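Note: the block below is work.csv and it holds CSV, C-alpha atoms.
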```csv
chain,number,residue,atom,x,y,z
A,8,MET,CA,-7.5,27.6,9.0
A,9,GLU,CA,-7.6,23.9,8.2
A,10,TYR,CA,-6.4,22.6,4.9
A,11,PHE,CA,-6.9,19.0,3.7
A,12,ASN,CA,-4.4,17.3,1.3
A,13,ILE,CA,-2.9,20.7,0.3
A,14,TYR,CA,0.7,20.7,-0.8
A,15,ASN,CA,2.1,24.2,-1.0
A,16,GLU,CA,5.0,26.3,0.2
A,17,ASN,CA,3.5,27.0,3.6
A,18,TYR,CA,3.0,23.3,4.2
A,19,LEU,CA,6.7,22.6,3.3
A,20,LYS,CA,7.8,25.3,5.7
A,21,THR,CA,5.7,23.8,8.4
A,22,ILE,CA,7.5,20.5,8.0
A,23,THR,CA,10.9,22.1,8.8
A,24,GLN,CA,9.7,24.1,11.8
A,25,ARG,CA,11.9,23.7,14.9
A,26,ASN,CA,8.9,22.6,17.0
A,27,ILE,CA,6.4,20.7,15.0
A,28,ASN,CA,2.9,20.4,16.3
A,29,ILE,CA,1.7,17.0,15.1
A,30,ARG,CA,-2.0,16.4,15.2
A,31,TYR,CA,-4.1,13.2,14.8
A,32,ARG,CA,-7.8,13.1,13.8
A,33,ILE,CA,-10.3,10.3,13.5
A,34,ASP,CA,-13.5,10.9,11.6
A,35,ILE,CA,-16.3,8.3,12.1
A,36,VAL,CA,-18.0,8.0,8.7
A,37,ASP,CA,-21.1,6.3,7.5
A,38,TRP,CA,-20.8,2.9,5.8
A,39,THR,CA,-22.1,3.8,2.3
A,40,GLU,CA,-21.2,7.3,1.3
A,41,GLU,CA,-18.4,7.6,4.0
A,42,ASN,CA,-19.7,11.1,5.1
A,43,VAL,CA,-18.4,12.3,8.5
A,44,SER,CA,-20.8,11.8,11.5
A,45,GLN,CA,-18.3,12.5,14.3
A,46,GLU,CA,-14.8,13.8,14.8
A,47,ILE,CA,-12.3,12.6,17.5
A,48,THR,CA,-9.2,14.7,17.9
A,49,GLU,CA,-8.5,15.9,21.5
A,50,ASN,CA,-9.3,12.5,23.0
A,51,ILE,CA,-6.5,10.6,21.1
A,52,ILE,CA,-3.8,9.9,23.6
A,53,ASP,CA,-0.4,11.1,22.5
A,54,GLY,CA,2.2,8.3,22.2
A,55,SER,CA,-0.4,5.5,22.3
A,56,GLY,CA,-0.2,4.0,18.8
A,57,SER,CA,1.0,4.2,15.3
A,58,LEU,CA,0.2,3.9,11.6
A,59,SER,CA,1.9,1.2,9.5
A,60,VAL,CA,2.0,1.3,5.7
A,61,ASN,CA,3.6,-1.4,3.6
A,62,TYR,CA,4.0,-1.8,-0.2
A,63,GLN,CA,2.2,-5.1,-0.9
A,64,GLN,CA,-0.8,-6.6,-2.6
A,65,GLY,CA,-4.1,-6.3,-0.7
A,66,VAL,CA,-4.0,-4.8,2.8
A,67,ARG,CA,-1.4,-2.0,3.1
A,68,ARG,CA,-2.5,0.1,6.0
A,69,SER,CA,-3.2,-0.5,9.7
A,70,PHE,CA,-3.2,1.6,12.8
A,71,SER,CA,-3.9,1.4,16.5
A,72,CYS,CA,-4.4,4.1,19.2
A,73,ASP,CA,-5.8,4.8,22.6
A,74,ILE,CA,-8.8,7.1,23.1
A,75,ALA,CA,-9.6,8.7,26.4
A,76,ASN,CA,-13.1,7.5,27.2
A,77,ILE,CA,-14.2,10.6,29.1
A,78,ASP,CA,-17.8,10.3,30.3
A,79,ASN,CA,-18.0,6.9,28.5
A,80,ALA,CA,-18.5,8.8,25.2
A,81,PHE,CA,-16.5,6.2,23.3
A,82,THR,CA,-17.6,3.0,25.0
A,83,PRO,CA,-18.0,0.3,22.2
A,84,SER,CA,-21.7,-0.5,21.7
A,85,TYR,CA,-23.8,-2.2,19.1
A,86,LYS,CA,-26.8,-0.1,20.3
A,87,THR,CA,-25.2,3.2,19.5
A,88,GLY,CA,-22.8,1.9,16.8
A,89,MET,CA,-19.9,3.6,18.6
A,90,LEU,CA,-16.6,1.9,17.8
A,91,TYR,CA,-18.4,-1.3,16.8
A,92,ALA,CA,-17.9,-4.0,14.1
A,93,THR,CA,-19.5,-1.8,11.4
A,94,THR,CA,-17.8,1.4,12.4
A,95,LYS,CA,-15.8,3.0,9.6
A,96,ILE,CA,-13.0,5.4,10.4
A,97,LYS,CA,-11.1,7.9,8.3
A,98,LEU,CA,-7.7,8.8,9.7
A,99,TYR,CA,-5.9,12.1,9.3
A,100,ILE,CA,-2.4,13.1,10.4
A,101,GLY,CA,-1.7,16.9,10.4
A,102,LEU,CA,0.9,19.5,11.0
A,103,LYS,CA,0.0,22.7,12.7
A,104,ASN,CA,2.0,25.8,11.7
A,105,SER,CA,3.1,27.5,14.9
A,106,VAL,CA,3.5,30.9,13.2
A,107,PHE,CA,0.2,31.2,11.3
A,108,GLY,CA,-1.9,28.7,13.3
A,109,ASP,CA,-2.9,26.8,10.1
A,110,THR,CA,-3.3,23.0,10.2
A,111,TYR,CA,-2.4,20.9,7.2
A,112,TRP,CA,-4.3,17.6,7.4
A,113,TRP,CA,-3.4,14.6,5.2
A,114,SER,CA,-5.7,11.6,4.6
A,115,GLN,CA,-4.2,8.2,5.6
A,116,GLY,CA,-7.1,5.9,4.6
A,117,ILE,CA,-10.4,4.6,5.6
A,118,PHE,CA,-10.3,1.7,8.1
A,119,LEU,CA,-12.4,-0.8,9.9
A,120,ILE,CA,-11.9,-2.0,13.5
A,121,THR,CA,-10.5,-5.5,13.9
A,122,ASP,CA,-10.7,-5.5,17.7
A,123,VAL,CA,-11.3,-3.0,20.5
A,124,VAL,CA,-10.4,-3.1,24.2
A,125,ASN,CA,-12.3,-1.1,26.8
A,126,LYS,CA,-10.1,-0.5,29.8
A,127,THR,CA,-11.0,1.0,33.2
A,128,SER,CA,-8.7,1.6,36.1
A,129,GLY,CA,-10.3,3.7,38.7
A,130,SER,CA,-11.3,7.0,37.1
A,131,ASN,CA,-9.0,6.3,34.1
A,132,LYS,CA,-11.0,5.0,31.2
A,133,VAL,CA,-9.4,4.2,27.9
A,134,VAL,CA,-10.5,2.5,24.7
A,135,THR,CA,-7.9,0.9,22.5
A,136,ILE,CA,-8.8,0.3,18.8
A,137,ASN,CA,-6.9,-1.7,16.2
A,138,CYS,CA,-7.8,-1.0,12.7
A,139,ILE,CA,-7.1,-2.2,9.2
A,140,ASP,CA,-7.8,-0.7,5.7
A,141,LYS,CA,-10.9,-1.7,3.8
A,142,PHE,CA,-9.2,-4.6,2.0
A,143,GLY,CA,-9.5,-6.5,5.2
A,144,MET,CA,-13.2,-6.9,4.5
A,145,PHE,CA,-12.2,-9.5,1.8
A,146,GLY,CA,-9.7,-11.4,3.9
A,147,SER,CA,-9.4,-13.3,7.1
A,148,GLU,CA,-8.7,-10.1,9.0
A,149,LEU,CA,-12.4,-9.2,9.1
A,150,GLY,CA,-13.8,-12.5,7.7
A,151,TYR,CA,-16.7,-11.1,5.7
A,152,LYS,CA,-16.4,-13.3,2.6
A,153,GLN,CA,-14.7,-16.6,3.1
A,154,LEU,CA,-15.7,-18.8,0.2
A,155,GLN,CA,-18.4,-21.3,1.3
A,156,GLY,CA,-18.0,-23.4,-1.9
A,157,ASP,CA,-16.0,-23.4,-5.1
A,158,TYR,CA,-16.0,-20.0,-6.7
A,159,LYS,CA,-15.7,-20.1,-10.5
A,160,ILE,CA,-15.1,-17.3,-13.0
A,161,GLU,CA,-15.5,-18.2,-16.6
A,162,LYS,CA,-13.0,-17.5,-19.3
A,163,GLN,CA,-13.7,-14.2,-21.3
A,164,THR,CA,-15.5,-12.6,-18.4
A,165,LYS,CA,-14.7,-8.9,-18.1
A,166,ILE,CA,-12.4,-8.4,-15.1
A,167,TYR,CA,-13.7,-4.9,-14.3
A,168,ASP,CA,-17.2,-6.4,-14.0
A,169,ILE,CA,-15.9,-9.1,-11.7
A,170,VAL,CA,-14.3,-6.6,-9.4
A,171,ARG,CA,-17.4,-4.4,-9.3
A,172,ASP,CA,-19.6,-7.3,-8.5
A,173,ILE,CA,-17.3,-8.4,-5.6
A,174,LEU,CA,-17.4,-4.9,-4.1
A,175,HIS,CA,-21.2,-4.9,-4.4
A,176,LEU,CA,-21.6,-8.2,-2.6
A,177,ASP,CA,-24.6,-8.1,-0.2
A,178,MET,CA,-23.8,-8.1,3.5
A,179,GLU,CA,-27.4,-9.0,4.3
A,180,ASN,CA,-27.7,-6.1,6.7
A,181,GLY,CA,-28.9,-3.6,4.1
A,182,TYR,CA,-25.5,-2.7,2.8
A,183,VAL,CA,-22.9,-3.9,0.3
A,184,LEU,CA,-19.3,-4.4,1.1
A,185,ASP,CA,-18.0,-1.3,-0.7
A,186,HIS,CA,-20.3,1.2,-2.5
A,187,LYS,CA,-17.4,3.3,-3.8
A,188,LYS,CA,-16.4,3.1,-7.5
A,189,PRO,CA,-12.9,1.6,-7.8
A,190,PHE,CA,-10.1,3.3,-9.7
A,191,PHE,CA,-9.3,0.8,-12.5
A,192,ASP,CA,-6.3,1.5,-14.7
A,193,PRO,CA,-7.9,2.7,-18.0
A,194,ILE,CA,-5.6,0.5,-20.2
A,195,TYR,CA,-7.1,-2.6,-18.5
A,196,LYS,CA,-10.7,-1.5,-18.4
A,197,ASP,CA,-11.8,-3.9,-21.1
A,198,GLU,CA,-9.5,-6.8,-20.3
A,199,VAL,CA,-11.2,-10.2,-19.9
A,200,MET,CA,-10.2,-13.4,-18.1
A,201,PRO,CA,-7.8,-15.4,-20.3
A,202,TYR,CA,-8.8,-18.7,-18.6
A,203,THR,CA,-11.4,-20.1,-16.2
A,204,LEU,CA,-10.5,-19.4,-12.6
A,205,VAL,CA,-11.6,-21.6,-9.8
A,206,LYS,CA,-11.0,-20.7,-6.1
A,207,ASN,CA,-11.8,-23.4,-3.6
A,208,LYS,CA,-14.0,-23.6,-0.5
A,209,GLY,CA,-12.3,-22.0,2.5
A,210,GLU,CA,-10.3,-19.5,0.5
A,211,GLN,CA,-10.9,-15.7,0.9
A,212,MET,CA,-12.4,-13.3,-1.5
A,213,ALA,CA,-9.2,-11.4,-1.1
A,214,ASP,CA,-7.4,-14.3,-2.9
A,215,VAL,CA,-9.8,-13.8,-5.8
A,216,LEU,CA,-9.1,-10.0,-6.0
A,217,ILE,CA,-5.3,-10.4,-5.8
A,218,THR,CA,-5.4,-13.1,-8.5
A,219,LEU,CA,-7.4,-10.8,-10.8
A,220,ALA,CA,-4.8,-8.1,-10.2
A,221,ASN,CA,-1.9,-10.5,-10.9
A,222,VAL,CA,-3.6,-11.6,-14.2
A,223,LEU,CA,-3.4,-8.0,-15.3
A,224,GLY,CA,0.1,-7.4,-13.8
A,225,CYS,CA,-1.4,-4.7,-11.6
A,226,ASN,CA,-1.1,-3.6,-8.0
A,227,ILE,CA,-4.2,-3.8,-5.9
A,228,PHE,CA,-4.8,-1.8,-2.7
A,229,TYR,CA,-6.9,0.9,-1.0
A,230,ASP,CA,-5.6,4.4,-1.3
A,231,THR,CA,-5.6,7.2,1.3
A,232,GLU,CA,-9.2,8.2,0.3
A,233,GLY,CA,-10.5,4.6,0.8
A,234,VAL,CA,-10.8,3.9,-2.9
A,235,LEU,CA,-9.8,0.5,-4.3
A,236,ASN,CA,-7.0,0.9,-6.8
A,237,ILE,CA,-6.1,-1.6,-9.5
A,238,VAL,CA,-3.2,0.1,-11.4
A,239,SER,CA,-0.4,-1.1,-13.6
A,240,GLY,CA,2.7,-2.6,-11.9
A,241,THR,CA,4.6,-2.9,-15.2
A,242,ASP,CA,3.9,0.4,-17.0
A,243,ASP,CA,6.9,2.3,-15.4
A,244,CYS,CA,9.1,-0.4,-13.9
A,245,THR,CA,12.1,2.0,-13.3
A,246,TYR,CA,10.0,4.9,-12.0
A,247,ALA,CA,11.5,7.0,-14.7
A,248,ARG,CA,8.3,9.1,-15.1
A,249,GLU,CA,7.6,9.3,-11.4
A,250,GLY,CA,8.3,12.7,-9.8
A,251,ALA,CA,9.6,13.0,-6.3
A,252,ILE,CA,7.0,13.7,-3.5
A,253,TYR,CA,9.7,15.0,-1.2
A,254,ILE,CA,13.4,16.0,-1.3
A,255,PHE,CA,15.6,15.4,1.7
A,256,ASP,CA,18.5,17.8,1.6
A,257,GLU,CA,20.2,20.4,3.9
A,258,SER,CA,17.3,22.8,3.5
A,259,SER,CA,14.5,20.3,4.3
A,260,ALA,CA,13.7,17.8,7.0
A,261,GLY,CA,16.8,15.9,8.1
A,262,VAL,CA,17.6,12.2,7.6
A,263,ASN,CA,18.5,10.6,10.9
A,264,ASP,CA,19.7,7.1,12.1
A,265,LEU,CA,20.3,6.0,8.6
A,266,ASP,CA,21.0,2.3,8.0
A,267,LEU,CA,21.7,0.7,4.7
A,268,LYS,CA,21.1,-3.1,4.4
A,269,ILE,CA,22.1,-5.0,1.3
A,270,ASP,CA,20.9,-8.6,1.3
A,271,TYR,CA,23.4,-10.2,-1.0
A,272,GLY,CA,21.9,-13.6,-0.5
A,273,SER,CA,18.6,-12.5,-1.9
A,274,ILE,CA,20.0,-10.8,-5.1
A,275,VAL,CA,18.0,-11.9,-8.2
A,276,ASN,CA,18.9,-10.6,-11.6
A,277,SER,CA,17.1,-13.1,-13.8
A,278,VAL,CA,13.5,-14.2,-13.7
A,279,THR,CA,11.9,-16.7,-16.0
A,280,VAL,CA,8.1,-17.0,-16.2
A,281,VAL,CA,6.3,-19.8,-18.0
A,282,GLY,CA,2.6,-20.1,-18.9
A,283,THR,CA,0.3,-23.1,-19.1
A,284,ASN,CA,-0.8,-24.6,-22.3
A,285,VAL,CA,-2.9,-22.2,-24.4
A,286,ASN,CA,-4.2,-23.6,-27.7
A,287,ASP,CA,-1.3,-26.1,-27.7
A,288,LYS,CA,1.3,-23.3,-27.0
A,289,VAL,CA,3.3,-22.5,-23.9
A,290,TYR,CA,4.7,-19.0,-23.6
A,291,SER,CA,7.8,-18.0,-21.6
A,292,TYR,CA,10.0,-15.0,-21.1
A,293,THR,CA,13.2,-14.3,-19.2
A,294,ALA,CA,13.8,-10.9,-17.8
A,295,ARG,CA,17.5,-10.3,-17.2
A,296,ASN,CA,19.2,-7.4,-15.4
A,297,THR,CA,21.9,-6.2,-17.8
A,298,ASP,CA,21.6,-2.5,-17.0
A,299,PRO,CA,25.2,-1.1,-16.9
A,300,PHE,CA,24.3,1.2,-14.0
A,301,SER,CA,22.9,-1.5,-11.8
A,302,PRO,CA,25.2,-2.9,-9.0
A,303,THR,CA,23.3,-6.2,-9.2
A,304,ARG,CA,23.6,-6.7,-12.9
A,305,ILE,CA,24.6,-10.1,-14.3
A,306,GLU,CA,27.9,-8.8,-15.6
A,307,TYR,CA,28.9,-7.6,-12.2
A,308,VAL,CA,27.7,-10.2,-9.7
A,309,GLY,CA,27.1,-13.1,-12.0
A,310,LEU,CA,23.9,-14.8,-13.0
A,311,LYS,CA,21.5,-15.2,-10.0
A,312,GLU,CA,18.2,-16.8,-11.0
A,313,CYS,CA,15.1,-17.3,-8.9
A,314,GLU,CA,13.0,-20.4,-9.2
A,315,GLN,CA,11.1,-20.5,-12.5
A,316,ILE,CA,7.6,-19.0,-12.0
A,317,GLU,CA,4.7,-20.8,-13.6
A,318,SER,CA,1.4,-19.1,-14.0
A,319,ALA,CA,-1.8,-19.5,-15.9
A,320,MET,CA,-1.8,-15.7,-16.2
A,321,ILE,CA,0.8,-16.0,-19.0
A,322,TYR,CA,-1.4,-16.6,-22.1
A,323,ASN,CA,0.5,-14.8,-24.9
A,324,GLU,CA,3.9,-13.3,-25.6
A,325,ASP,CA,3.1,-9.8,-24.5
A,326,ARG,CA,1.6,-11.0,-21.2
A,327,ALA,CA,4.7,-13.2,-20.5
A,328,LYS,CA,6.9,-10.2,-21.1
A,329,GLU,CA,4.9,-7.9,-18.8
A,330,TYR,CA,4.8,-10.5,-16.1
A,331,ALA,CA,8.5,-11.1,-16.2
A,332,LEU,CA,9.2,-7.4,-15.9
A,333,TYR,CA,6.8,-7.2,-13.0
A,334,GLN,CA,8.4,-10.0,-11.1
A,335,LEU,CA,12.0,-8.9,-11.6
A,336,LYS,CA,11.0,-5.4,-10.5
A,337,ARG,CA,9.5,-6.7,-7.3
A,338,LYS,CA,12.4,-9.0,-6.5
A,339,SER,CA,14.9,-6.2,-7.2
A,340,ILE,CA,13.1,-3.8,-4.8
A,341,LEU,CA,13.3,-6.4,-1.9
A,342,GLN,CA,17.0,-7.2,-2.1
A,343,ASN,CA,18.2,-3.9,-0.6
A,344,ALA,CA,16.7,-1.5,1.9
A,345,LEU,CA,17.6,1.9,3.3
A,346,SER,CA,16.0,2.7,6.6
A,347,PHE,CA,16.1,6.1,8.3
A,348,LYS,CA,14.1,8.4,10.7
A,349,SER,CA,12.7,11.7,9.9
A,350,VAL,CA,10.3,14.3,11.3
A,351,CYS,CA,6.6,13.6,10.5
A,352,ILE,CA,5.8,14.2,6.8
A,353,PRO,CA,2.2,13.1,6.5
A,354,HIS,CA,1.9,13.2,2.7
A,355,LEU,CA,4.5,10.4,2.2
A,356,ASP,CA,3.2,7.1,0.8
A,357,THR,CA,4.6,3.8,-0.3
A,358,ASP,CA,5.5,3.1,-3.9
A,359,LYS,CA,6.3,6.8,-4.3
A,360,ILE,CA,9.7,8.5,-5.0
A,361,ILE,CA,11.7,10.6,-2.6
A,362,VAL,CA,15.1,12.2,-3.3
A,363,ILE,CA,18.0,12.1,-0.7
A,364,THR,CA,21.3,13.9,-0.6
A,365,ASN,CA,23.7,12.6,2.1
A,366,GLU,CA,27.4,13.0,2.1
A,367,ASP,CA,28.1,10.0,4.3
A,368,TYR,CA,26.6,7.6,1.8
A,369,ASP,CA,27.6,9.6,-1.3
A,370,PHE,CA,23.9,10.2,-2.2
A,371,VAL,CA,23.6,13.2,-4.5
A,372,GLU,CA,20.0,13.7,-5.4
A,373,ALA,CA,19.6,9.9,-5.3
A,374,ARG,CA,16.1,8.6,-6.0
A,375,PHE,CA,14.5,6.1,-3.7
A,376,VAL,CA,11.1,4.3,-3.8
A,377,ILE,CA,9.3,4.0,-0.4
A,378,GLN,CA,8.6,0.4,0.7
A,379,SER,CA,7.2,1.1,4.2
A,380,LEU,CA,6.3,3.8,6.7
A,381,GLN,CA,6.0,3.6,10.4
A,382,ILE,CA,4.4,6.7,11.9
A,383,PRO,CA,4.1,6.8,15.7
A,384,PHE,CA,1.2,8.8,17.2
A,385,SER,CA,3.6,10.8,19.3
A,386,SER,CA,4.8,14.4,19.3
A,387,SER,CA,8.2,13.3,20.5
A,388,GLU,CA,9.0,10.4,18.2
A,389,GLN,CA,10.1,10.5,14.6
A,390,ILE,CA,8.7,8.4,11.7
A,391,THR,CA,10.7,5.5,10.2
A,392,ILE,CA,11.0,5.2,6.4
A,393,GLN,CA,12.2,2.2,4.5
A,394,CYS,CA,13.0,2.6,0.9
A,395,SER,CA,15.1,1.3,-2.0
A,396,ASN,CA,17.5,3.0,-4.4
A,397,VAL,CA,15.9,3.4,-7.8
A,398,ALA,CA,19.3,3.4,-9.4
A,399,GLU,CA,19.7,-0.2,-8.4
A,400,LEU,CA,16.5,-1.3,-10.2
A,401,PRO,CA,17.4,-2.8,-13.5
A,402,TYR,CA,16.5,-1.2,-16.9
A,403,PHE,CA,15.2,-4.5,-18.0
A,404,GLU,CA,16.5,-6.3,-21.1
A,405,LEU,CA,14.2,-9.1,-22.0
A,406,GLN,CA,15.2,-12.3,-23.7
A,407,GLU,CA,12.4,-14.1,-25.4
A,408,GLY,CA,12.0,-17.7,-24.3
A,409,ASP,CA,11.1,-20.5,-26.7
A,410,GLU,CA,7.5,-20.8,-27.7
A,411,VAL,CA,6.7,-24.5,-27.1
A,412,GLU,CA,4.2,-26.1,-29.5
```
As structure tokens, please, write out the structure in this file.
Amino acid sequence: MEYFNIYNENYLKTITQRNINIRYRIDIVDWTEENVSQEITENIIDGSGSLSVNYQQGVRRSFSCDIANIDNAFTPSYKTGMLYATTKIKLYIGLKNSVFGDTYWWSQGIFLITDVVNKTSGSNKVVTINCIDKFGMFGSELGYKQLQGDYKIEKQTKIYDIVRDILHLDMENGYVLDHKKPFFDPIYKDEVMPYTLVKNKGEQMADVLITLANVLGCNIFYDTEGVLNIVSGTDDCTYAREGAIYIFDESSAGVNDLDLKIDYGSIVNSVTVVGTNVNDKVYSYTARNTDPFSPTRIEYVGLKECEQIESAMIYNEDRAKEYALYQLKRKSILQNALSFKSVCIPHLDTDKIIVITNEDYDFVEARFVIQSLQIPFSSSEQITIQCSNVAELPYFELQEGDEVE
């Protein structure tokens, strides 16, 4: 049987099989409802590409692969719509259980093609596709909505309405950019623009969306089901409420080729944010790492401040506090990185927690947050995981800055 996005005991056993049968699947889906019109599985050439996932604002996912173009079935064509500019692709990576024959498929996102190469060498015909997740529609990657003039959003406009209207922008070919309803963090559903925003001619609509997310202190990205997410980046800064999506120990998939890099030069343990003038007041906050368990706390390594961050997004004390938390969290994540290889575990995702036990590094059920994943489309290669130790993230102590009249 085939199972989709199912996490159970049999799936976990499949991960630890001696000989894992890794499968890759591309579904071509229609533009609006994203229903499947064609499946490509057997024609994907083993070892020909990879999936890259990075924790960042905007585009997070991209992949490339080669497809065997038998009988010219996958020749790019605007007439048939096959692997053309408006082709949408849903990618799955799966594990097949060699004992029971079950395949566990996991969604990896919905993508658009940035470029395609049709190669022929004698009877050998191959099509190479390079793809990017749906956020590329709003940026220079796909170039749909570069601003042709100044783009203005008035103060007090509801942010959810702005995002919805951007997704529904007319492509002038009978479709809108994204028909799917976004997932908008409920606590921000009624938030409004605290100031008038102007983006200039030549900028991308992606810049507008990322700015709106930053106003809220949110992460913005497309998830594995192709839904735009705008979710809080400050609600659980230390990942204390986040459960682990996988535990690496002696009974599970192994941790191989482990490298721990600590970038001492980039350590930041104090961030000050300052707003612009709002009703003759300027708000500021300083977030300082004084957590007694953090190896980069001020008391241990001394005060290491980044350049003061100025932003029109800081329009009251609460917003300044949240934004300071958000920035210190992000800078703390980037200053140390653990990289290792593992068997393919297709349900892993960035900004999620894993637990590692490793005697060589004195890790005993240590919690890490995933920063990036590199997943080769190869049955003989392992995936690469880059992550940060959650114990090194500060339990923020905030110091209120002076409110300037």
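The closest residue to Gly240 in chain A, picked from A:Val262, A:Ala213, A:Leu335, A:Ile117 and counting all atoms listed in the file, is A:Leu335.
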Excluding same-chain residues fewer than 5 positions from range 281-284 of chain A, what lies within 9 Å of it counting all atoms listed in the file, as a PyMOL selection string? chain A and resi 289-293+315-323+327+408+411-412
Pick the closest to Leu58 in chain A from A:Leu380, A:Leu332, A:Met89, A:Leu235: which is it, counting all atoms listed in the file? A:Leu380
Range 197-208 of chain A environment, 12 Å, all atoms listed in the file, sequence neighbours closer than 2 positions dropped, as number ranges by chain: A: 152-170, 191-195, 210-224, 282-286, 318-323, 326
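CA of Asp369 in chain A is found 18.8 Å from CA of Ile392 in chain A.
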Per residue of range 154-263 of chain A within 12 Å of range 118-141 of chain A, which atom pair is closest and at what distance in Å (one decimal), using all atoms listed in the file, listed by chain and increasing number, as a tab-separated table?
```
residue	atom	partner	partner_atom	distance
A:Leu174	CA	A:Lys141	CA	10.7
A:Leu184	CA	A:Lys141	CA	9.2
A:Asp185	CA	A:Lys141	CA	8.4
A:His186	CA	A:Lys141	CA	11.7
A:Lys187	CA	A:Lys141	CA	11.2
A:Ala213	CA	A:Lys141	CA	11.0
A:Ile227	CA	A:Lys141	CA	12.0
A:Phe228	CA	A:Lys141	CA	8.9
A:Tyr229	CA	A:Lys141	CA	6.8
A:Asp230	CA	A:Asp140	CA	8.9
A:Thr231	CA	A:Asp140	CA	9.3
A:Glu232	CA	A:Phe118	CA	10.2
A:Gly233	CA	A:Lys141	CA	7.0
A:Val234	CA	A:Lys141	CA	8.7
A:Leu235	CA	A:Lys141	CA	8.5
A:Asn236	CA	A:Lys141	CA	11.6
```
Take the residues that were just selected and, keeping C-alpha atoms, output them as a PDB file, in the coordinates of the input.
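Output file out18.pdb is given in full below:
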```pdb
ATOM      1  CA  LEU A 174     -17.400  -4.900  -4.100  1.00  0.00           C
ATOM      2  CA  LEU A 184     -19.300  -4.400   1.100  1.00  0.00           C
ATOM      3  CA  ASP A 185     -18.000  -1.300  -0.700  1.00  0.00           C
ATOM      4  CA  HIS A 186     -20.300   1.200  -2.500  1.00  0.00           C
ATOM      5  CA  LYS A 187     -17.400   3.300  -3.800  1.00  0.00           C
ATOM      6  CA  ALA A 213      -9.200 -11.400  -1.100  1.00  0.00           C
ATOM      7  CA  ILE A 227      -4.200  -3.800  -5.900  1.00  0.00           C
ATOM      8  CA  PHE A 228      -4.800  -1.800  -2.700  1.00  0.00           C
ATOM      9  CA  TYR A 229      -6.900   0.900  -1.000  1.00  0.00           C
ATOM     10  CA  ASP A 230      -5.600   4.400  -1.300  1.00  0.00           C
ATOM     11  CA  THR A 231      -5.600   7.200   1.300  1.00  0.00           C
ATOM     12  CA  GLU A 232      -9.200   8.200   0.300  1.00  0.00           C
ATOM     13  CA  GLY A 233     -10.500   4.600   0.800  1.00  0.00           C
ATOM     14  CA  VAL A 234     -10.800   3.900  -2.900  1.00  0.00           C
ATOM     15  CA  LEU A 235      -9.800   0.500  -4.300  1.00  0.00           C
ATOM     16  CA  ASN A 236      -7.000   0.900  -6.800  1.00  0.00           C
TER      17      ASN A 236
END
```
State, in Å with one decimal place, the distance from CA of Thr39 in chain A to CA of Glu179 in chain A. 14.0 Å
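Put simply, CA of Lys268 in chain A is 18.9 Å away from CA of Tyr307 in chain A.
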Find the residues around Leu19 in chain A up to 10 Å (all atoms listed in the file counted), leave out those fewer than 4 positions away in its own chain, and share them as a compact mmCIF listing (two decimals) with C-alpha atoms, in the coordinates of the input.
```txt
# COMPACT_ATOMS: atom_id res chain seq x y z
CA TYR A 14 0.70 20.70 -0.80
CA ASN A 15 2.10 24.20 -1.00
CA THR A 23 10.90 22.10 8.80
CA GLN A 24 9.70 24.10 11.80
CA TYR A 253 9.70 15.00 -1.20
CA SER A 259 14.50 20.30 4.30
CA ALA A 260 13.70 17.80 7.00
CA ILE A 352 5.80 14.20 6.80
```
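Distance annotation: of A:Val397, A:Ile390, A:Leu265, A:Ile382, the residue with the minimal separation from Lys336 in chain A is A:Val397; atom set is only C-alpha atoms.
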For Lys20 in chain A, which of A:Val60, A:Leu176, A:Cys313, A:Leu102 is the closest residue, counting all atoms listed in the file? A:Leu102
Pull the neighbourhood of (-25.5, 3.4, 4.4) for me: all residues within 8 Å in file coordinates, counting all atoms listed in the file, as a ChimeraX atom specification. /A:37-40,181-182
Box dimensions and centre (Å, one decimal) enclosing range 295-298 of chain A, axis-aligned, 5 Å extra per side, as JSON:
```
{"center_x": 19.7, "center_y": -6.4, "center_z": -16.6, "size_x": 14.4, "size_y": 17.8, "size_z": 12.4}
```
Who sits within 8 Å of Thr357 in chain A, all atoms listed in the file, same chain under 2 positions skipped, as a PyMOL selection string: chain A and resi 60-62+355+359+376-380
